>>> print(open('coords.cif').read())   # mmCIF, C-alpha atoms; chains and numbers go by the auth columns
data_protein
loop_
_atom_site.group_PDB
_atom_site.id
_atom_site.type_symbol
_atom_site.label_atom_id
_atom_site.label_comp_id
_atom_site.label_asym_id
_atom_site.label_seq_id
_atom_site.Cartn_x
_atom_site.Cartn_y
_atom_site.Cartn_z
_atom_site.B_iso_or_equiv
_atom_site.auth_seq_id
_atom_site.auth_asym_id
ATOM 1 C CA GLU A 1 6.471 -3.384 -9.431 0.00 1 A
ATOM 2 C CA ALA A 2 7.160 -2.810 -5.717 0.00 2 A
ATOM 3 C CA LEU A 3 3.654 -3.945 -4.748 0.00 3 A
ATOM 4 C CA LEU A 4 3.946 -7.085 -6.873 0.00 4 A
ATOM 5 C CA GLN A 5 7.286 -7.917 -5.229 0.00 5 A
ATOM 6 C CA PHE A 6 5.717 -7.374 -1.803 0.00 6 A
ATOM 7 C CA LEU A 7 2.749 -9.640 -2.635 0.00 7 A
ATOM 8 C CA ASN A 8 5.083 -12.338 -3.927 0.00 8 A
ATOM 9 C CA ASN A 9 7.069 -12.125 -0.684 0.00 9 A
ATOM 10 C CA ILE A 10 3.882 -12.547 1.362 0.00 10 A
ATOM 11 C CA GLU A 11 2.966 -15.552 -0.759 0.00 11 A
ATOM 12 C CA LYS A 12 6.345 -17.180 -0.003 0.00 12 A
ATOM 13 C CA CYS A 13 6.199 -16.652 3.782 0.00 13 A
ATOM 14 C CA ASP A 14 6.906 -19.577 6.039 0.00 14 A
ATOM 15 C CA SER A 15 3.595 -21.131 7.089 0.00 15 A
ATOM 16 C CA SER A 16 4.310 -20.469 10.768 0.00 16 A
ATOM 17 C CA SER A 17 4.605 -16.710 10.335 0.00 17 A
ATOM 18 C CA ILE A 18 1.782 -14.326 11.216 0.00 18 A
ATOM 19 C CA VAL A 19 1.879 -12.927 7.671 0.00 19 A
ATOM 20 C CA ALA A 20 1.362 -16.394 6.219 0.00 20 A
ATOM 21 C CA LYS A 21 -1.770 -16.865 8.302 0.00 21 A
ATOM 22 C CA SER A 22 -3.398 -13.578 7.303 0.00 22 A
ATOM 23 C CA ALA A 23 -2.340 -10.449 5.507 0.00 23 A
ATOM 24 C CA LEU A 24 -4.408 -7.367 4.816 0.00 24 A
ATOM 25 C CA VAL A 25 -3.550 -5.232 1.814 0.00 25 A
ATOM 26 C CA LEU A 26 -5.312 -1.900 2.144 0.00 26 A
ATOM 27 C CA LEU A 27 -5.378 0.072 -1.089 0.00 27 A
ATOM 28 C CA SER A 28 -6.043 3.746 -0.503 0.00 28 A
ATOM 29 C CA GLY A 29 -7.038 6.485 -2.923 0.00 29 A
ATOM 30 C CA GLY A 30 -10.206 8.218 -4.010 0.00 30 A
ATOM 31 C CA ASP A 31 -11.355 9.636 -7.324 0.00 31 A
ATOM 32 C CA VAL A 32 -8.851 12.491 -7.232 0.00 32 A
ATOM 33 C CA ALA A 33 -9.020 13.174 -10.963 0.00 33 A
ATOM 34 C CA GLN A 34 -12.850 12.991 -10.908 0.00 34 A
ATOM 35 C CA VAL A 35 -12.964 10.457 -13.723 0.00 35 A
ATOM 36 C CA GLY A 36 -15.596 8.160 -12.226 0.00 36 A
ATOM 37 C CA PHE A 37 -13.351 5.554 -10.604 0.00 37 A
ATOM 38 C CA THR A 38 -10.989 5.605 -7.661 0.00 38 A
ATOM 39 C CA GLU A 39 -7.232 5.165 -7.509 0.00 39 A
ATOM 40 C CA SER A 40 -7.686 2.231 -5.115 0.00 40 A
ATOM 41 C CA LEU A 41 -10.031 0.485 -7.570 0.00 41 A
ATOM 42 C CA VAL A 42 -7.493 0.906 -10.377 0.00 42 A
ATOM 43 C CA MET A 43 -4.791 -0.558 -8.108 0.00 43 A
ATOM 44 C CA MET A 44 -7.051 -3.515 -7.273 0.00 44 A
ATOM 45 C CA GLN A 45 -7.776 -4.179 -10.950 0.00 45 A
ATOM 46 C CA TYR A 46 -4.046 -4.011 -11.693 0.00 46 A
ATOM 47 C CA ILE A 47 -3.291 -6.484 -8.905 0.00 47 A
ATOM 48 C CA GLU A 48 -6.000 -8.855 -10.128 0.00 48 A
ATOM 49 C CA ASN A 49 -4.418 -8.817 -13.602 0.00 49 A
ATOM 50 C CA ILE A 50 -0.833 -9.483 -12.514 0.00 50 A
ATOM 51 C CA PHE A 51 -1.352 -11.453 -9.297 0.00 51 A
ATOM 52 C CA PRO A 52 -3.968 -14.160 -9.891 0.00 52 A
ATOM 53 C CA ARG A 53 -5.611 -15.649 -6.819 0.00 53 A
ATOM 54 C CA SER A 54 -4.487 -19.133 -5.859 0.00 54 A
ATOM 55 C CA PRO A 55 -4.429 -21.369 -2.771 0.00 55 A
ATOM 56 C CA LYS A 56 -0.881 -20.069 -2.112 0.00 56 A
ATOM 57 C CA ASN A 57 -2.164 -16.520 -1.611 0.00 57 A
ATOM 58 C CA SER A 58 -5.728 -17.064 -0.396 0.00 58 A
ATOM 59 C CA HIS A 59 -4.721 -15.718 3.050 0.00 59 A
ATOM 60 C CA ILE A 60 -4.213 -12.239 1.591 0.00 60 A
ATOM 61 C CA ALA A 61 -7.255 -10.008 2.006 0.00 61 A
ATOM 62 C CA PHE A 62 -7.709 -6.821 0.023 0.00 62 A
ATOM 63 C CA MET A 63 -9.650 -3.793 1.208 0.00 63 A
ATOM 64 C CA LEU A 64 -10.245 -0.503 -0.554 0.00 64 A
ATOM 65 C CA GLU A 65 -10.303 2.952 1.011 0.00 65 A
ATOM 66 C CA GLU A 66 -11.902 5.087 -1.683 0.00 66 A
ATOM 67 C CA GLU A 67 -12.552 8.470 -0.089 0.00 67 A
ATOM 68 C CA SER A 68 -9.112 10.067 0.312 0.00 68 A
ATOM 69 C CA LYS A 69 -7.898 12.807 -2.000 0.00 69 A
ATOM 70 C CA ASN A 70 -4.322 13.246 -0.686 0.00 70 A
ATOM 71 C CA THR A 71 -1.656 11.546 1.407 0.00 71 A
ATOM 72 C CA ILE A 72 -2.862 12.979 4.706 0.00 72 A
ATOM 73 C CA GLU A 73 -6.386 11.688 4.039 0.00 73 A
ATOM 74 C CA ASN A 74 -4.912 8.317 2.944 0.00 74 A
ATOM 75 C CA ALA A 75 -3.352 7.921 6.383 0.00 75 A
ATOM 76 C CA ILE A 76 -6.283 9.275 8.397 0.00 76 A
ATOM 77 C CA ASN A 77 -8.902 7.259 6.494 0.00 77 A
ATOM 78 C CA CYS A 78 -6.849 4.074 6.842 0.00 78 A
ATOM 79 C CA ARG A 79 -6.379 4.532 10.598 0.00 79 A
ATOM 80 C CA ASP A 80 -9.841 3.235 11.585 0.00 80 A
ATOM 81 C CA ILE A 81 -9.481 0.206 9.325 0.00 81 A
ATOM 82 C CA VAL A 82 -6.014 -0.616 10.653 0.00 82 A
ATOM 83 C CA ASP A 83 -7.036 -0.015 14.278 0.00 83 A
ATOM 84 C CA GLY A 84 -10.085 -2.263 13.790 0.00 84 A
ATOM 85 C CA CYS A 85 -7.850 -5.087 12.591 0.00 85 A
ATOM 86 C CA GLY A 86 -5.426 -4.698 15.465 0.00 86 A
ATOM 87 C CA CYS A 87 -2.506 -4.300 13.063 0.00 87 A
ATOM 88 C CA LYS A 88 0.773 -3.149 14.573 0.00 88 A
ATOM 89 C CA ASP A 89 2.907 -3.373 11.447 0.00 89 A
ATOM 90 C CA ILE A 90 2.177 -1.389 8.297 0.00 90 A
ATOM 91 C CA VAL A 91 3.952 -1.709 4.981 0.00 91 A
ATOM 92 C CA LEU A 92 3.774 1.558 3.090 0.00 92 A
ATOM 93 C CA VAL A 93 4.216 1.225 -0.668 0.00 93 A
ATOM 94 C CA THR A 94 4.647 4.342 -2.798 0.00 94 A
ATOM 95 C CA ASN A 95 7.195 5.742 -5.218 0.00 95 A
ATOM 96 C CA GLN A 96 10.713 6.878 -4.289 0.00 96 A
ATOM 97 C CA PHE A 97 9.911 10.536 -4.768 0.00 97 A
ATOM 98 C CA HIS A 98 6.856 10.426 -2.510 0.00 98 A
ATOM 99 C CA MET A 99 8.191 8.057 0.185 0.00 99 A
ATOM 100 C CA PRO A 100 9.876 10.543 2.586 0.00 100 A
ATOM 101 C CA ARG A 101 6.726 12.682 2.820 0.00 101 A
ATOM 102 C CA ALA A 102 4.355 9.705 2.983 0.00 102 A
ATOM 103 C CA HIS A 103 6.479 8.003 5.648 0.00 103 A
ATOM 104 C CA LEU A 104 6.474 11.132 7.806 0.00 104 A
ATOM 105 C CA ILE A 105 2.687 11.462 7.516 0.00 105 A
ATOM 106 C CA PHE A 106 1.998 7.792 8.253 0.00 106 A
ATOM 107 C CA LYS A 107 4.378 7.848 11.260 0.00 107 A
ATOM 108 C CA SER A 108 2.442 10.836 12.609 0.00 108 A
ATOM 109 C CA VAL A 109 -0.954 9.167 12.182 0.00 109 A
ATOM 110 C CA PHE A 110 0.053 5.619 13.208 0.00 110 A
ATOM 111 C CA LYS A 111 2.078 6.413 16.317 0.00 111 A
ATOM 112 C CA SER A 112 1.741 2.936 17.849 0.00 112 A
ATOM 113 C CA CYS A 113 2.564 1.036 14.643 0.00 113 A
ATOM 114 C CA THR A 114 5.810 0.135 12.973 0.00 114 A
ATOM 115 C CA ILE A 115 5.953 1.505 9.425 0.00 115 A
ATOM 116 C CA HIS A 116 7.908 -0.555 6.889 0.00 116 A
ATOM 117 C CA CYS A 117 8.605 1.215 3.589 0.00 117 A
ATOM 118 C CA ILE A 118 8.794 -0.172 0.068 0.00 118 A
ATOM 119 C CA ALA A 119 9.669 2.519 -2.446 0.00 119 A
ATOM 120 C CA ALA A 120 8.944 1.864 -6.101 0.00 120 A
ATOM 121 C CA LYS A 121 11.355 3.284 -8.625 0.00 121 A
ATOM 122 C CA ASN A 122 10.139 6.569 -10.018 0.00 122 A
ATOM 123 C CA GLY A 123 11.299 5.956 -13.579 0.00 123 A
ATOM 124 C CA LEU A 124 13.670 8.925 -13.591 0.00 124 A
ATOM 125 C CA LYS A 125 17.276 8.511 -14.644 0.00 125 A
ATOM 126 C CA GLU A 126 19.778 8.676 -11.797 0.00 126 A
ATOM 127 C CA GLY A 127 20.614 12.278 -10.943 0.00 127 A
ATOM 128 C CA THR A 128 17.493 13.785 -12.504 0.00 128 A
ATOM 129 C CA GLY A 129 14.315 15.024 -10.937 0.00 129 A
ATOM 130 C CA TYR A 130 13.520 17.064 -7.873 0.00 130 A
ATOM 131 C CA ARG A 131 16.180 17.479 -5.167 0.00 131 A
#
>>> encode(input="coords.cif", output="structure tokens")
Amino acid sequence: EALLQFLNNIEKCDSSSIVAKSALVLLSGGDVAQVGFTESLVMMQYIENIFPRSPKNSHIAFMLEEESKNTIENAINCRDIVDGCGCKDIVLVTNQFHMPRAHLIFKSVFKSCTIHCIAAKNGLKEGTGYR
């Protein structure tokens, strides 16, 4: 849900903005469960089903990082890709529960970038879950 909202916001950007000219969505996650397909591939297939390509969003490029097995590897494996693109702003999308840890890790790995966070709801009722 959070990723779809983010993609819709990119699609609606003013044509003069940098984001409107080109946006890279880097999906990161390997075959952690060893089921024969990666988390990033599943995310890409999900996006393709709910976010059909059109001229309005043709400036959005998708890349997959399919080797990482945990959040630290997500950040480290994405660093070369992000550095190669010259990106200075990163939007980190993960769930509410995972965001504080993921944000800390990504800030440590991407010291020269600004990290913007979009936390998806975790599906837990208010007041329940880990504290």
>>> residues_near_point(input="coords.cif", point="(-4.3, -3.5, 5.8)", cutoff="8 Å", atoms="all atoms listed in the file", output="NGL selection string")
:A and (23-27 or 62-63 or 81-82 or 85 or 87 or 90)
>>> atom_distance(input="coords.cif", atom1="atom CA of A:Ile72", atom2="atom CA of A:Val109")
8.6 Å
>>> atom_distance(input="coords.cif", atom1="atom CA of A:Asn77", atom2="atom CA of A:Asn49")
26.1 Å
>>> atom_distance(input="coords.cif", atom1="atom CA of A:Ile105", atom2="atom CA of A:Gly36")
27.1 Å
>>> residues_around(input="coords.cif", residues="A:Gln96", least_positions_apart="5", cutoff="9 Å", atoms="all atoms listed in the file", output="list in words")
Ile118, Ala119, Ala120, Lys121 and Asn122 of chain A
>>> residues_near_point(input="coords.cif", point="(-7.6, 7.0, 5.2)", cutoff="12 Å", atoms="all atoms listed in the file", output="PyMOL selection string")
chain A and resi 26-30+40+63-83+105-106+109-110
